[in-house]
>>> print(open('input_29.txt').read())   # compact mmCIF, N, CA and C atoms
# COMPACT_ATOMS: atom_id res chain seq x y z
N VAL L 795 19.79 8.16 -23.90
CA VAL L 795 19.64 8.72 -22.57
C VAL L 795 21.03 9.01 -22.01
N MET L 796 21.29 10.26 -21.70
CA MET L 796 22.59 10.65 -21.13
C MET L 796 22.46 10.77 -19.62
N PHE L 797 22.05 9.70 -19.01
CA PHE L 797 21.82 9.67 -17.57
C PHE L 797 22.33 8.34 -17.06
N SER L 798 23.10 8.36 -16.00
CA SER L 798 23.57 7.09 -15.45
C SER L 798 23.43 7.13 -13.94
N ILE L 799 23.26 5.96 -13.38
CA ILE L 799 23.09 5.82 -11.95
C ILE L 799 24.35 5.19 -11.39
N SER L 800 25.00 5.89 -10.47
CA SER L 800 26.19 5.31 -9.85
C SER L 800 25.83 4.85 -8.44
N GLY L 801 26.49 3.82 -8.00
CA GLY L 801 26.15 3.25 -6.70
C GLY L 801 24.88 2.43 -6.82
N ASN L 802 24.18 2.32 -5.72
CA ASN L 802 22.95 1.53 -5.71
C ASN L 802 21.84 2.29 -4.97
N PRO L 803 21.48 3.49 -5.46
CA PRO L 803 20.44 4.24 -4.76
C PRO L 803 19.06 3.65 -5.02
N ARG L 804 18.16 3.88 -4.11
CA ARG L 804 16.76 3.54 -4.36
C ARG L 804 16.19 4.64 -5.25
N ILE L 805 15.20 4.27 -6.03
CA ILE L 805 14.58 5.23 -6.96
C ILE L 805 13.10 5.31 -6.63
N TYR L 806 12.65 6.51 -6.30
CA TYR L 806 11.25 6.74 -5.97
C TYR L 806 10.67 7.71 -6.98
N TYR L 807 9.41 7.48 -7.36
CA TYR L 807 8.76 8.51 -8.17
C TYR L 807 7.56 9.03 -7.43
N CYS L 808 7.26 10.27 -7.67
CA CYS L 808 6.18 10.94 -6.97
C CYS L 808 4.85 10.54 -7.60
N PRO L 809 3.94 9.96 -6.81
CA PRO L 809 2.66 9.51 -7.36
C PRO L 809 1.70 10.66 -7.63
N THR L 810 2.04 11.86 -7.17
CA THR L 810 1.20 13.04 -7.34
C THR L 810 1.87 13.98 -8.34
N THR L 811 1.06 14.61 -9.18
CA THR L 811 1.61 15.60 -10.10
C THR L 811 2.11 16.80 -9.30
N VAL L 812 3.32 17.22 -9.60
CA VAL L 812 3.94 18.36 -8.92
C VAL L 812 4.23 19.41 -9.99
N ASP L 813 4.08 20.66 -9.64
CA ASP L 813 4.40 21.75 -10.56
C ASP L 813 5.91 21.70 -10.82
N LEU L 814 6.29 21.36 -12.04
CA LEU L 814 7.71 21.19 -12.34
C LEU L 814 8.43 22.49 -12.65
N ARG L 815 7.78 23.61 -12.38
CA ARG L 815 8.52 24.88 -12.39
C ARG L 815 9.33 24.98 -11.10
N LYS L 816 9.06 24.10 -10.16
CA LYS L 816 9.82 24.07 -8.90
C LYS L 816 11.26 23.67 -9.21
N SER L 817 12.15 24.17 -8.38
CA SER L 817 13.55 23.82 -8.53
C SER L 817 13.98 23.01 -7.30
N PHE L 818 15.19 23.17 -6.88
CA PHE L 818 15.79 22.35 -5.83
C PHE L 818 14.97 22.31 -4.54
N ASP L 819 14.72 23.47 -3.95
CA ASP L 819 14.03 23.50 -2.67
C ASP L 819 12.57 23.05 -2.78
N GLY L 820 11.90 23.44 -3.86
CA GLY L 820 10.52 23.03 -4.05
C GLY L 820 10.37 21.54 -4.24
N LEU L 821 11.28 20.95 -5.01
CA LEU L 821 11.24 19.49 -5.21
C LEU L 821 11.63 18.75 -3.93
N ALA L 822 12.58 19.30 -3.17
CA ALA L 822 12.95 18.68 -1.89
C ALA L 822 11.74 18.70 -0.95
N GLY L 823 10.97 19.77 -0.96
CA GLY L 823 9.75 19.83 -0.16
C GLY L 823 8.73 18.81 -0.61
N ALA L 824 8.63 18.59 -1.93
CA ALA L 824 7.71 17.58 -2.46
C ALA L 824 8.15 16.18 -2.05
N VAL L 825 9.45 15.94 -1.94
CA VAL L 825 9.94 14.64 -1.47
C VAL L 825 9.44 14.39 -0.06
N HIS L 826 9.57 15.40 0.81
CA HIS L 826 9.08 15.27 2.19
C HIS L 826 7.57 15.04 2.20
N GLU L 827 6.83 15.86 1.45
CA GLU L 827 5.37 15.85 1.52
C GLU L 827 4.73 14.62 0.88
N TYR L 828 5.17 14.24 -0.32
CA TYR L 828 4.48 13.20 -1.07
C TYR L 828 5.14 11.82 -1.00
N ILE L 829 6.47 11.80 -0.93
CA ILE L 829 7.18 10.52 -0.94
C ILE L 829 7.57 10.10 0.47
N ARG L 830 7.57 11.05 1.39
CA ARG L 830 7.87 10.79 2.80
C ARG L 830 9.27 10.21 2.99
N GLN L 831 10.23 10.81 2.29
CA GLN L 831 11.64 10.41 2.42
C GLN L 831 12.48 11.65 2.66
N ASP L 832 13.73 11.42 3.05
CA ASP L 832 14.68 12.51 3.24
C ASP L 832 15.33 12.82 1.89
N PRO L 833 15.16 14.03 1.36
CA PRO L 833 15.73 14.33 0.04
C PRO L 833 17.26 14.28 0.01
N ALA L 834 17.92 14.38 1.16
CA ALA L 834 19.38 14.31 1.22
C ALA L 834 19.87 12.90 1.51
N SER L 835 19.04 11.90 1.27
CA SER L 835 19.39 10.50 1.57
C SER L 835 20.33 9.88 0.55
N GLY L 836 20.46 10.52 -0.63
CA GLY L 836 21.26 9.93 -1.69
C GLY L 836 20.44 9.12 -2.68
N HIS L 837 19.16 8.97 -2.42
CA HIS L 837 18.28 8.27 -3.34
C HIS L 837 17.89 9.20 -4.49
N LEU L 838 17.29 8.64 -5.53
CA LEU L 838 16.80 9.43 -6.66
C LEU L 838 15.31 9.61 -6.52
N PHE L 839 14.83 10.83 -6.81
CA PHE L 839 13.42 11.15 -6.70
C PHE L 839 12.96 11.68 -8.05
N VAL L 840 12.00 10.99 -8.64
CA VAL L 840 11.57 11.25 -10.01
C VAL L 840 10.19 11.90 -10.00
N PHE L 841 10.06 12.98 -10.76
CA PHE L 841 8.81 13.73 -10.85
C PHE L 841 8.42 13.87 -12.31
N PHE L 842 7.16 13.59 -12.62
CA PHE L 842 6.65 13.73 -13.97
C PHE L 842 5.61 14.84 -14.02
N SER L 843 5.55 15.52 -15.15
CA SER L 843 4.53 16.55 -15.33
C SER L 843 3.17 15.89 -15.54
N ARG L 844 2.12 16.68 -15.45
CA ARG L 844 0.77 16.16 -15.60
C ARG L 844 0.58 15.46 -16.95
N ASN L 845 1.14 16.02 -18.01
CA ASN L 845 0.98 15.42 -19.35
C ASN L 845 2.09 14.41 -19.67
N ARG L 846 2.96 14.14 -18.72
CA ARG L 846 4.06 13.17 -18.85
C ARG L 846 5.00 13.47 -20.02
N LYS L 847 5.18 14.74 -20.32
CA LYS L 847 6.15 15.14 -21.34
C LYS L 847 7.46 15.63 -20.72
N LEU L 848 7.45 15.88 -19.41
CA LEU L 848 8.61 16.42 -18.72
C LEU L 848 8.90 15.57 -17.49
N VAL L 849 10.16 15.28 -17.26
CA VAL L 849 10.59 14.56 -16.07
C VAL L 849 11.75 15.32 -15.44
N LYS L 850 11.76 15.36 -14.11
CA LYS L 850 12.88 15.90 -13.35
C LYS L 850 13.27 14.86 -12.32
N ILE L 851 14.57 14.66 -12.17
CA ILE L 851 15.10 13.71 -11.19
C ILE L 851 15.98 14.49 -10.22
N LEU L 852 15.61 14.46 -8.95
CA LEU L 852 16.34 15.16 -7.91
C LEU L 852 17.21 14.16 -7.16
N SER L 853 18.45 14.54 -6.92
CA SER L 853 19.34 13.68 -6.12
C SER L 853 20.28 14.54 -5.30
N TRP L 854 20.79 13.96 -4.25
CA TRP L 854 21.78 14.60 -3.38
C TRP L 854 23.11 13.96 -3.71
N ASP L 855 24.11 14.75 -4.07
CA ASP L 855 25.39 14.15 -4.47
C ASP L 855 26.49 14.35 -3.43
N GLY L 856 26.12 14.56 -2.19
CA GLY L 856 27.12 14.65 -1.12
C GLY L 856 27.28 16.04 -0.56
N ASP L 857 27.27 17.03 -1.44
CA ASP L 857 27.41 18.40 -0.95
C ASP L 857 26.38 19.35 -1.55
N GLY L 858 25.38 18.81 -2.20
CA GLY L 858 24.32 19.64 -2.74
C GLY L 858 23.38 18.83 -3.62
N PHE L 859 22.27 19.44 -3.98
CA PHE L 859 21.29 18.79 -4.83
C PHE L 859 21.67 18.93 -6.30
N ALA L 860 21.28 17.94 -7.08
CA ALA L 860 21.44 17.98 -8.53
C ALA L 860 20.10 17.62 -9.14
N ILE L 861 19.79 18.24 -10.28
CA ILE L 861 18.55 17.93 -11.00
C ILE L 861 18.91 17.53 -12.42
N TRP L 862 18.35 16.42 -12.86
CA TRP L 862 18.43 15.99 -14.26
C TRP L 862 17.03 16.16 -14.83
N MET L 863 16.94 16.71 -16.05
CA MET L 863 15.63 17.01 -16.62
C MET L 863 15.59 16.59 -18.09
N LYS L 864 14.43 16.10 -18.51
CA LYS L 864 14.22 15.76 -19.91
C LYS L 864 12.82 16.19 -20.30
N LYS L 865 12.70 16.86 -21.45
CA LYS L 865 11.41 17.28 -21.98
C LYS L 865 11.26 16.67 -23.36
N LEU L 866 10.14 15.98 -23.57
CA LEU L 866 9.89 15.34 -24.86
C LEU L 866 9.27 16.32 -25.83
N SER L 867 9.68 16.24 -27.09
CA SER L 867 9.05 17.07 -28.12
C SER L 867 7.81 16.39 -28.68
N ARG L 868 7.77 15.05 -28.62
CA ARG L 868 6.60 14.28 -29.07
C ARG L 868 6.37 13.13 -28.10
N GLY L 869 5.15 12.69 -28.01
CA GLY L 869 4.83 11.53 -27.17
C GLY L 869 4.86 11.86 -25.70
N GLN L 870 4.88 10.83 -24.89
CA GLN L 870 4.92 10.99 -23.45
C GLN L 870 5.62 9.80 -22.82
N PHE L 871 6.00 9.96 -21.57
CA PHE L 871 6.64 8.88 -20.83
C PHE L 871 5.58 7.86 -20.44
N HIS L 872 5.92 6.57 -20.51
CA HIS L 872 4.99 5.50 -20.18
C HIS L 872 5.53 4.69 -19.01
N PHE L 873 4.64 4.31 -18.10
CA PHE L 873 5.02 3.53 -16.94
C PHE L 873 4.73 2.06 -17.18
N PRO L 874 5.57 1.16 -16.66
CA PRO L 874 5.25 -0.27 -16.74
C PRO L 874 4.10 -0.58 -15.79
N GLU L 875 3.34 -1.63 -16.08
CA GLU L 875 2.23 -2.01 -15.21
C GLU L 875 2.72 -2.31 -13.81
N SER L 876 3.93 -2.81 -13.69
CA SER L 876 4.45 -3.15 -12.37
C SER L 876 4.66 -1.91 -11.51
N ALA L 877 4.69 -0.72 -12.11
CA ALA L 877 4.88 0.51 -11.35
C ALA L 877 3.57 1.02 -10.76
N ASN L 878 2.44 0.51 -11.25
CA ASN L 878 1.15 0.98 -10.75
C ASN L 878 1.00 0.67 -9.26
N GLY L 879 0.64 1.69 -8.51
CA GLY L 879 0.38 1.49 -7.10
C GLY L 879 1.60 1.49 -6.20
N LYS L 880 2.79 1.61 -6.76
CA LYS L 880 3.97 1.68 -5.90
C LYS L 880 4.78 2.91 -6.30
N ILE L 881 5.60 3.37 -5.41
CA ILE L 881 6.36 4.58 -5.70
C ILE L 881 7.85 4.31 -5.85
N GLU L 882 8.24 3.05 -5.83
CA GLU L 882 9.66 2.72 -6.00
C GLU L 882 9.84 2.01 -7.33
N LEU L 883 10.88 2.42 -8.06
CA LEU L 883 11.19 1.83 -9.36
C LEU L 883 12.54 1.14 -9.29
N GLU L 884 12.72 0.14 -10.12
CA GLU L 884 14.05 -0.45 -10.31
C GLU L 884 14.76 0.38 -11.37
N SER L 885 16.08 0.31 -11.38
CA SER L 885 16.84 1.12 -12.33
C SER L 885 16.48 0.76 -13.77
N ARG L 886 16.23 -0.52 -14.06
CA ARG L 886 15.87 -0.89 -15.43
C ARG L 886 14.53 -0.30 -15.83
N GLU L 887 13.60 -0.18 -14.87
CA GLU L 887 12.31 0.44 -15.16
C GLU L 887 12.49 1.92 -15.50
N LEU L 888 13.33 2.60 -14.71
CA LEU L 888 13.58 4.01 -14.98
C LEU L 888 14.24 4.21 -16.34
N TYR L 889 15.26 3.40 -16.65
CA TYR L 889 15.91 3.52 -17.96
C TYR L 889 14.94 3.26 -19.10
N ALA L 890 14.05 2.29 -18.93
CA ALA L 890 13.05 2.00 -19.97
C ALA L 890 12.13 3.19 -20.17
N ILE L 891 11.66 3.77 -19.08
CA ILE L 891 10.77 4.93 -19.16
C ILE L 891 11.47 6.08 -19.87
N LEU L 892 12.71 6.37 -19.46
CA LEU L 892 13.45 7.49 -20.06
C LEU L 892 13.83 7.24 -21.51
N SER L 893 13.98 5.97 -21.88
CA SER L 893 14.38 5.63 -23.25
C SER L 893 13.21 5.58 -24.22
N GLY L 894 12.00 5.71 -23.70
CA GLY L 894 10.83 5.71 -24.58
C GLY L 894 10.25 4.34 -24.84
N ILE L 895 10.69 3.35 -24.09
CA ILE L 895 10.14 2.01 -24.25
C ILE L 895 8.75 2.00 -23.63
N LYS L 896 7.81 1.46 -24.37
CA LYS L 896 6.43 1.38 -23.88
C LYS L 896 6.13 -0.08 -23.57
N PRO L 897 6.47 -0.50 -22.36
CA PRO L 897 6.31 -1.92 -22.03
C PRO L 897 4.86 -2.28 -21.72
N LYS L 898 4.49 -3.51 -22.05
CA LYS L 898 3.19 -4.00 -21.63
C LYS L 898 3.26 -4.31 -20.14
N ARG L 899 4.31 -5.03 -19.74
CA ARG L 899 4.55 -5.28 -18.32
C ARG L 899 5.96 -5.83 -18.17
N TYR L 900 6.51 -5.68 -16.97
CA TYR L 900 7.80 -6.27 -16.64
C TYR L 900 7.56 -7.54 -15.85
N TYR L 901 8.39 -8.49 -16.02
CA TYR L 901 8.31 -9.71 -15.23
C TYR L 901 9.71 -10.28 -15.14
N LYS L 902 9.90 -11.12 -14.12
CA LYS L 902 11.19 -11.78 -13.98
C LYS L 902 11.19 -13.02 -14.85
N ARG L 903 12.26 -13.22 -15.54
CA ARG L 903 12.38 -14.33 -16.47
C ARG L 903 12.25 -15.68 -15.78
N TYR L 904 12.87 -15.81 -14.63
CA TYR L 904 12.84 -17.08 -13.90
C TYR L 904 12.03 -16.91 -12.63
N TRP L 905 10.77 -16.67 -12.77
CA TRP L 905 9.88 -16.42 -11.63
C TRP L 905 9.44 -17.74 -11.04
N ARG L 906 9.47 -17.82 -9.71
CA ARG L 906 8.95 -18.99 -8.99
C ARG L 906 7.90 -18.49 -8.00
N PRO L 907 6.81 -19.21 -7.87
CA PRO L 907 5.76 -18.80 -6.90
C PRO L 907 6.35 -18.59 -5.51
N GLY L 908 5.95 -17.51 -4.87
CA GLY L 908 6.43 -17.22 -3.52
C GLY L 908 7.76 -16.52 -3.48
N LYS L 909 8.43 -16.38 -4.61
CA LYS L 909 9.74 -15.69 -4.65
C LYS L 909 9.57 -14.42 -5.46
N GLU L 910 9.86 -13.28 -4.85
CA GLU L 910 9.75 -12.01 -5.55
C GLU L 910 11.13 -11.41 -5.71
>>> encode(input="input_29.txt", output="structure tokens")
Amino acid sequence: VMFSISGNPRIYYCPTTVDLRKSFDGLAGAVHEYIRQDPASGHLFVFFSRNRKLVKILSWDGDGFAIWMKKLSRGQFHFPESANGKIELESRELYAILSGIKPKRYYKRYWRPGKE
């Protein structure tokens, strides 16, 4: 994966399938409509195609939008169970998805009841 995250941005993925023929303005509109965030916030916004073979990541880098895109020739992107029902990902979850890791579930190694 030739993608790195600098700083500590929040990572959101769109829970709704979006037409990924959209570019900067179309994806920024989808951020407003589906994720309910400001696309110029500096956070990362991740969009997957219906068949999960294509991903686009929209970000604001200070003076304009940038898009990172990956299209798979085989297989599809897989989400961890912990991503179900939420639209925010941790950076390790995003890297796992982009790297082709098919996790059963993510968990914290030293989990204590009542501590998340």
>>> residues_near_point(input="input_29.txt", point="(9.7, 7.8, -27.1)", cutoff="8 Å", atoms="only N, CA and C atoms", output="ChimeraX atom specification")
/L:866,868-872,891-896
>>> atom_distance(input="input_29.txt", atom1="atom N of Pro809 in chain L", atom2="atom N of Phe841 in chain L")
7.9 Å
>>> residues_around(input="input_29.txt", residues="range 851-863 of chain L", least_positions_apart="3", cutoff="6.5 Å", atoms="only N, CA and C atoms", output="ChimeraX atom specification")
/L:833-841
>>> atom_distance(input="input_29.txt", atom1="CA of Leu883 in chain L", atom2="CA of Arg846 in chain L")
16.4 Å
